[in-house]
Amino acid sequence: MESNASEVALDLFPYLKVYKNGTLERIAGVEVVPPGLDPETNVLSKDIVIVPETGVSARIYRPNLISEDRKLPLVVYFHGGAFCVASPAFPPYHTSLNKLVAEANIIALSVDYRLVPEHPLPTAYEDSWVALQWIVSHKDEDGNQEAWIKDYVGFEQVFLAGDSAGGNIAHHLALRIKESNLGQKLKILGIGMIHPYFWGTSPIGPELNDRSRKELVDKWWLYVCPTDKGCDDPLINPFVDGESADLAGLACDRILIIVAEKDILKGRGWLYYDKLVKSGWKGKAEIMETEGEDHVFHIFNPDCDNANRLTKRLASFFNQGKLPFQLKCQSEVLG
């Protein structure tokens, strides 16, 4: 018989377990793979430390064959994992970034923000913000700088992107940038949100007919952000009061939202898109829905046809360059 100390106090399926003695066991997202040259995609990667004092780091990627006289777009990527698991070194994320960099011919910086519960929210947001500040520091001539950013990045072509919790992070950073000094130094051209992790107490869309999954996602958020606001905390529900005016302050010209037909979060992605196009934001909004797929399917099944289509769509988004201003909304469904 198990002792009380080894009994499970909280089973946060499928991510982790917390035992009565306080021990934390992560079940998902724990595997790691080293950086280096990926022979399949011919993409190079390496790990870099951004803030030695806190240990905030990142994995940076670039095409193996690259010309110094041509500057490439920079995609600052934030991984998913409900804020409590995974890292840029998690093999499915490493594979996904290699494929994206090869397809899009970009520089990518995958941020290794610190996780809940060891580092309660808003630590993940603050670590991600510090990563953006570190990137901006490369626009100056002096300082300890990363050569791959200094030599190859076109600072007029910077994007934010992320899946699940990472899409949530990208949203909040884009709101913060516009009202900060950082916004005067760094122009975010666009944001790619893949199956973004937004939520709320009152069910919408597919949540209405899937009570068990609704309760499961409720449980995840209440664990990572145990505030009195629950699932209507503004960090997870940007429309808690029914308003969308804040979206007009997003500091970018284009946003691509990608949702999946079978994802319990799909309704939140569509709600974000609808609120965005009605908010007065002066940019180009696009949404793509992948039929027959579930949450972050492209991470765990990267070679399927729909994953390849998703990667190509993101690559196209990151390579549109600076467009003349136009107010345009676009939606598409891919099967």
# chains A, B, ... in the order shown; residues from 1 in each chain; ligands from 1
>>> residues_around(residues="Phe300 (chain A)", least_positions_apart="5", cutoff="10 Å", atoms="only C-alpha atoms", output="PyMOL selection string")
chain A and resi 91-93+95-96+295+307
>>> residues_around(residues="Val76 (chain A)", least_positions_apart="4", cutoff="8 Å", atoms="only C-alpha atoms", output="mmCIF file with N, CA, C and O atoms, in the first residue's frame")
data_model
loop_
_atom_site.group_PDB
_atom_site.id
_atom_site.type_symbol
_atom_site.label_atom_id
_atom_site.label_comp_id
_atom_site.auth_asym_id
_atom_site.auth_seq_id
_atom_site.Cartn_x
_atom_site.Cartn_y
_atom_site.Cartn_z
ATOM 1 N N ALA A 108 14.604 31.831 -36.236
ATOM 2 C CA ALA A 108 13.598 31.642 -35.188
ATOM 3 C C ALA A 108 14.279 31.578 -33.835
ATOM 4 O O ALA A 108 15.343 30.962 -33.690
ATOM 5 N N LEU A 109 13.659 32.223 -32.875
ATOM 6 C CA LEU A 109 14.138 32.193 -31.491
ATOM 7 C C LEU A 109 13.018 31.615 -30.637
ATOM 8 O O LEU A 109 11.974 32.241 -30.458
ATOM 9 N N SER A 110 13.215 30.397 -30.137
ATOM 10 C CA SER A 110 12.205 29.720 -29.323
ATOM 11 C C SER A 110 12.543 29.947 -27.852
ATOM 12 O O SER A 110 13.560 29.459 -27.344
ATOM 13 N N VAL A 111 11.690 30.689 -27.155
ATOM 14 C CA VAL A 111 11.991 31.166 -25.803
ATOM 15 C C VAL A 111 11.703 30.071 -24.773
ATOM 16 O O VAL A 111 10.622 29.479 -24.757
ATOM 17 N N VAL A 158 10.081 41.471 -37.919
ATOM 18 C CA VAL A 158 10.010 40.692 -36.686
ATOM 19 C C VAL A 158 8.568 40.246 -36.447
ATOM 20 O O VAL A 158 7.640 41.047 -36.526
ATOM 21 N N PHE A 159 8.396 38.972 -36.141
ATOM 22 C CA PHE A 159 7.084 38.394 -35.876
ATOM 23 C C PHE A 159 7.083 37.730 -34.501
ATOM 24 O O PHE A 159 8.123 37.256 -34.032
ATOM 25 N N LEU A 160 5.916 37.664 -33.899
ATOM 26 C CA LEU A 160 5.689 36.828 -32.729
ATOM 27 C C LEU A 160 4.841 35.643 -33.161
ATOM 28 O O LEU A 160 3.964 35.780 -34.011
ATOM 29 N N ALA A 161 5.088 34.497 -32.563
ATOM 30 C CA ALA A 161 4.286 33.319 -32.887
ATOM 31 C C ALA A 161 4.296 32.369 -31.706
ATOM 32 O O ALA A 161 5.209 32.383 -30.876
#
>>> closest_atom_pairs(of="region 80-137 of chain A", to="region 211-232 of chain A", cutoff="12 Å", atoms="only C-alpha atoms", output="tab-separated table")
residue	atom	partner	partner_atom	distance
A:Gly81	CA	A:Trp220	CA	10.3
A:Ala82	CA	A:Trp220	CA	7.2
A:Phe83	CA	A:Val224	CA	7.0
A:Cys84	CA	A:Val224	CA	7.1
A:Val85	CA	A:Val224	CA	10.8
A:Leu115	CA	A:Val224	CA	9.2
A:Val116	CA	A:Val224	CA	6.0
A:Pro117	CA	A:Val224	CA	6.7
A:Glu118	CA	A:Val224	CA	10.2
A:His119	CA	A:Val224	CA	9.8
A:Pro120	CA	A:Val224	CA	7.2
A:Leu121	CA	A:Cys225	CA	6.5
A:Pro122	CA	A:Cys225	CA	8.8
A:Thr123	CA	A:Val224	CA	11.2
A:Ala124	CA	A:Val224	CA	10.9
>>> write_last_selection(atoms="N, CA and C atoms", output="short mmCIF file (atom, residue, chain, number, x, y, z; two decimals), in the first residue's frame")
data_model
loop_
_atom_site.label_atom_id
_atom_site.label_comp_id
_atom_site.auth_asym_id
_atom_site.auth_seq_id
_atom_site.Cartn_x
_atom_site.Cartn_y
_atom_site.Cartn_z
N GLY A 81 2.00 24.16 -23.78
CA GLY A 81 2.19 23.27 -22.64
C GLY A 81 1.46 23.74 -21.40
N ALA A 82 0.42 24.56 -21.60
CA ALA A 82 -0.43 25.03 -20.50
C ALA A 82 0.34 25.77 -19.42
N PHE A 83 1.48 26.35 -19.78
CA PHE A 83 2.33 27.13 -18.89
C PHE A 83 3.06 26.26 -17.85
N CYS A 84 2.88 24.94 -17.91
CA CYS A 84 3.45 24.10 -16.85
C CYS A 84 4.34 22.97 -17.35
N VAL A 85 4.39 22.71 -18.65
CA VAL A 85 5.26 21.66 -19.18
C VAL A 85 5.87 22.11 -20.50
N LEU A 115 8.48 27.81 -15.91
CA LEU A 115 7.19 27.15 -15.84
C LEU A 115 6.55 27.22 -14.46
N VAL A 116 5.22 27.14 -14.46
CA VAL A 116 4.42 26.92 -13.26
C VAL A 116 4.59 25.44 -12.86
N PRO A 117 4.59 25.09 -11.57
CA PRO A 117 4.33 25.92 -10.40
C PRO A 117 5.58 26.51 -9.76
N GLU A 118 6.77 26.06 -10.20
CA GLU A 118 7.99 26.58 -9.58
C GLU A 118 8.10 28.10 -9.74
N HIS A 119 7.56 28.58 -10.85
CA HIS A 119 7.63 30.02 -11.15
C HIS A 119 6.23 30.48 -11.53
N PRO A 120 5.44 30.93 -10.56
CA PRO A 120 4.03 31.27 -10.81
C PRO A 120 3.87 32.37 -11.85
N LEU A 121 2.73 32.33 -12.53
CA LEU A 121 2.41 33.43 -13.44
C LEU A 121 2.35 34.73 -12.64
N PRO A 122 2.81 35.84 -13.21
CA PRO A 122 3.08 36.06 -14.64
C PRO A 122 4.53 35.84 -15.08
N THR A 123 5.28 34.97 -14.40
CA THR A 123 6.70 34.78 -14.75
C THR A 123 6.90 34.46 -16.22
N ALA A 124 6.06 33.58 -16.78
CA ALA A 124 6.23 33.21 -18.19
C ALA A 124 6.13 34.43 -19.10
#
>>> residues_around(residues="region 14-26 of chain A", least_positions_apart="3", cutoff="8 Å", atoms="only C-alpha atoms", output="number ranges by chain")
A: 4-11, 29-30, 81, 84-85
>>> write_last_selection(atoms="C-alpha atoms", output="mmCIF file, in the first residue's frame")
data_model
loop_
_atom_site.group_PDB
_atom_site.id
_atom_site.type_symbol
_atom_site.label_atom_id
_atom_site.label_comp_id
_atom_site.auth_asym_id
_atom_site.auth_seq_id
_atom_site.Cartn_x
_atom_site.Cartn_y
_atom_site.Cartn_z
ATOM 1 C CA ASN A 4 0.212 9.028 2.313
ATOM 2 C CA ALA A 5 3.303 10.846 1.107
ATOM 3 C CA SER A 6 3.244 9.014 -2.229
ATOM 4 C CA GLU A 7 -0.484 9.395 -2.808
ATOM 5 C CA VAL A 8 -1.578 11.708 -5.600
ATOM 6 C CA ALA A 9 -3.070 14.955 -4.334
ATOM 7 C CA LEU A 10 -3.734 16.381 -7.795
ATOM 8 C CA ASP A 11 -3.765 14.643 -11.168
ATOM 9 C CA GLY A 29 6.956 17.478 -22.205
ATOM 10 C CA VAL A 30 9.932 16.201 -20.227
ATOM 11 C CA GLY A 81 2.185 23.270 -22.640
ATOM 12 C CA CYS A 84 3.454 24.099 -16.848
ATOM 13 C CA VAL A 85 5.256 21.659 -19.182
#
>>> select_by_dssp(residues="region 27-121 of chain A", states="strand (DSSP E)", output="PyMOL selection string")
chain A and resi 37-38+43-51+56-63+72-78+107-112
>>> closest_residue(among="A:Asp163, A:Lys150, A:Gly249, A:Glu31", to="Ser180 (chain A)", atoms="only C-alpha atoms")
A:Gly249
>>> atom_distance(atom1="CA of Lys46 (chain A)", atom2="CA of Glu156 (chain A)")
23.6 Å
>>> select_by_dssp(residues="region 154-299 of chain A", states="alpha helix (DSSP H)", output="number ranges by chain")
A: 165-178, 211-224, 266-277, 297-299
>>> closest_residue(among="A:Val296, A:Ala89, A:Ile107, A:Leu72", to="Arg59 (chain A)", atoms="only C-alpha atoms")
A:Ala89
>>> residues_around(residues="Val51 (chain A)", least_positions_apart="4", cutoff="9 Å", atoms="only C-alpha atoms", output="list in words")
Gly55, Val56, Ser57, Asp127, Val130, Ala131 and Trp134 of chain A
>>> write_last_selection(atoms="all heavy atoms", output="mmCIF file, in the first residue's frame")
data_model
loop_
_atom_site.group_PDB
_atom_site.id
_atom_site.type_symbol
_atom_site.label_atom_id
_atom_site.label_comp_id
_atom_site.auth_asym_id
_atom_site.auth_seq_id
_atom_site.Cartn_x
_atom_site.Cartn_y
_atom_site.Cartn_z
ATOM 1 N N GLY A 55 18.314 32.343 -15.492
ATOM 2 C CA GLY A 55 18.362 31.128 -16.288
ATOM 3 C C GLY A 55 17.469 31.157 -17.510
ATOM 4 O O GLY A 55 17.344 30.134 -18.202
ATOM 5 N N VAL A 56 16.834 32.296 -17.795
ATOM 6 C CA VAL A 56 16.002 32.385 -18.997
ATOM 7 C C VAL A 56 16.894 32.210 -20.226
ATOM 8 O O VAL A 56 17.928 32.866 -20.368
ATOM 9 C CB VAL A 56 15.264 33.735 -19.060
ATOM 10 C CG1 VAL A 56 14.492 33.863 -20.376
ATOM 11 C CG2 VAL A 56 14.307 33.853 -17.881
ATOM 12 N N SER A 57 16.476 31.315 -21.094
ATOM 13 C CA SER A 57 17.287 30.977 -22.254
ATOM 14 C C SER A 57 16.402 30.823 -23.475
ATOM 15 O O SER A 57 15.199 31.071 -23.438
ATOM 16 C CB SER A 57 18.067 29.679 -21.984
ATOM 17 O OG SER A 57 17.164 28.601 -21.781
ATOM 18 N N ASP A 127 9.359 36.629 -18.504
ATOM 19 C CA ASP A 127 10.522 36.037 -19.173
ATOM 20 C C ASP A 127 10.470 36.284 -20.680
ATOM 21 O O ASP A 127 11.494 36.572 -21.319
ATOM 22 C CB ASP A 127 10.571 34.531 -18.918
ATOM 23 C CG ASP A 127 10.960 34.189 -17.487
ATOM 24 O OD1 ASP A 127 11.380 35.091 -16.748
ATOM 25 O OD2 ASP A 127 10.840 33.000 -17.122
ATOM 26 N N VAL A 130 11.350 39.887 -21.392
ATOM 27 C CA VAL A 130 12.792 40.088 -21.291
ATOM 28 C C VAL A 130 13.484 39.597 -22.562
ATOM 29 O O VAL A 130 14.465 40.203 -23.022
ATOM 30 C CB VAL A 130 13.348 39.367 -20.042
ATOM 31 C CG1 VAL A 130 14.868 39.310 -20.080
ATOM 32 C CG2 VAL A 130 12.880 40.077 -18.777
ATOM 33 N N ALA A 131 12.969 38.520 -23.142
ATOM 34 C CA ALA A 131 13.554 38.025 -24.396
ATOM 35 C C ALA A 131 13.415 39.059 -25.510
ATOM 36 O O ALA A 131 14.338 39.241 -26.314
ATOM 37 C CB ALA A 131 12.880 36.709 -24.795
ATOM 38 N N TRP A 134 15.928 41.759 -24.946
ATOM 39 C CA TRP A 134 17.254 41.280 -25.327
ATOM 40 C C TRP A 134 17.433 41.353 -26.840
ATOM 41 O O TRP A 134 18.499 41.742 -27.335
ATOM 42 C CB TRP A 134 17.418 39.850 -24.813
ATOM 43 C CG TRP A 134 18.699 39.188 -25.196
ATOM 44 C CD1 TRP A 134 19.923 39.348 -24.602
ATOM 45 C CD2 TRP A 134 18.881 38.239 -26.247
ATOM 46 N NE1 TRP A 134 20.859 38.555 -25.224
ATOM 47 C CE2 TRP A 134 20.246 37.861 -26.231
ATOM 48 C CE3 TRP A 134 18.030 37.663 -27.184
ATOM 49 C CZ2 TRP A 134 20.761 36.942 -27.135
ATOM 50 C CZ3 TRP A 134 18.548 36.740 -28.079
ATOM 51 C CH2 TRP A 134 19.903 36.391 -28.055
#
>>> residues_around(residues="Gln145 (chain A)", least_positions_apart="6", cutoff="9 Å", atoms="only C-alpha atoms", output="MDAnalysis selection string")
chainID A and resid 134:135 137:138
>>> atom_distance(atom1="CA of Leu310 (chain A)", atom2="CA of Ile194 (chain A)")
9.3 Å
>>> residues_around(residues="His94 (chain A)", least_positions_apart="6", cutoff="9 Å", atoms="only C-alpha atoms", output="list of chain:residue names")
A:Val32, A:Val33, A:Pro34, A:Pro35, A:Arg59, A:Ser87, A:Pro88
>>> write_last_selection(atoms="C-alpha atoms", output="CSV table (one decimal), in the first residue's frame")
chain,number,residue,atom,x,y,z
A,32,VAL,CA,14.8,16.9,-24.5
A,33,VAL,CA,16.9,16.7,-27.6
A,34,PRO,CA,20.2,18.7,-28.1
A,35,PRO,CA,20.5,21.4,-30.7
A,59,ARG,CA,17.0,27.9,-28.7
A,87,SER,CA,10.5,23.5,-23.5
A,88,PRO,CA,12.1,24.4,-26.8
>>> closest_residue(among="A:Phe13, A:Phe78, A:Tyr125, A:Phe297", to="Met193 (chain A)", atoms="only C-alpha atoms")
A:Phe78
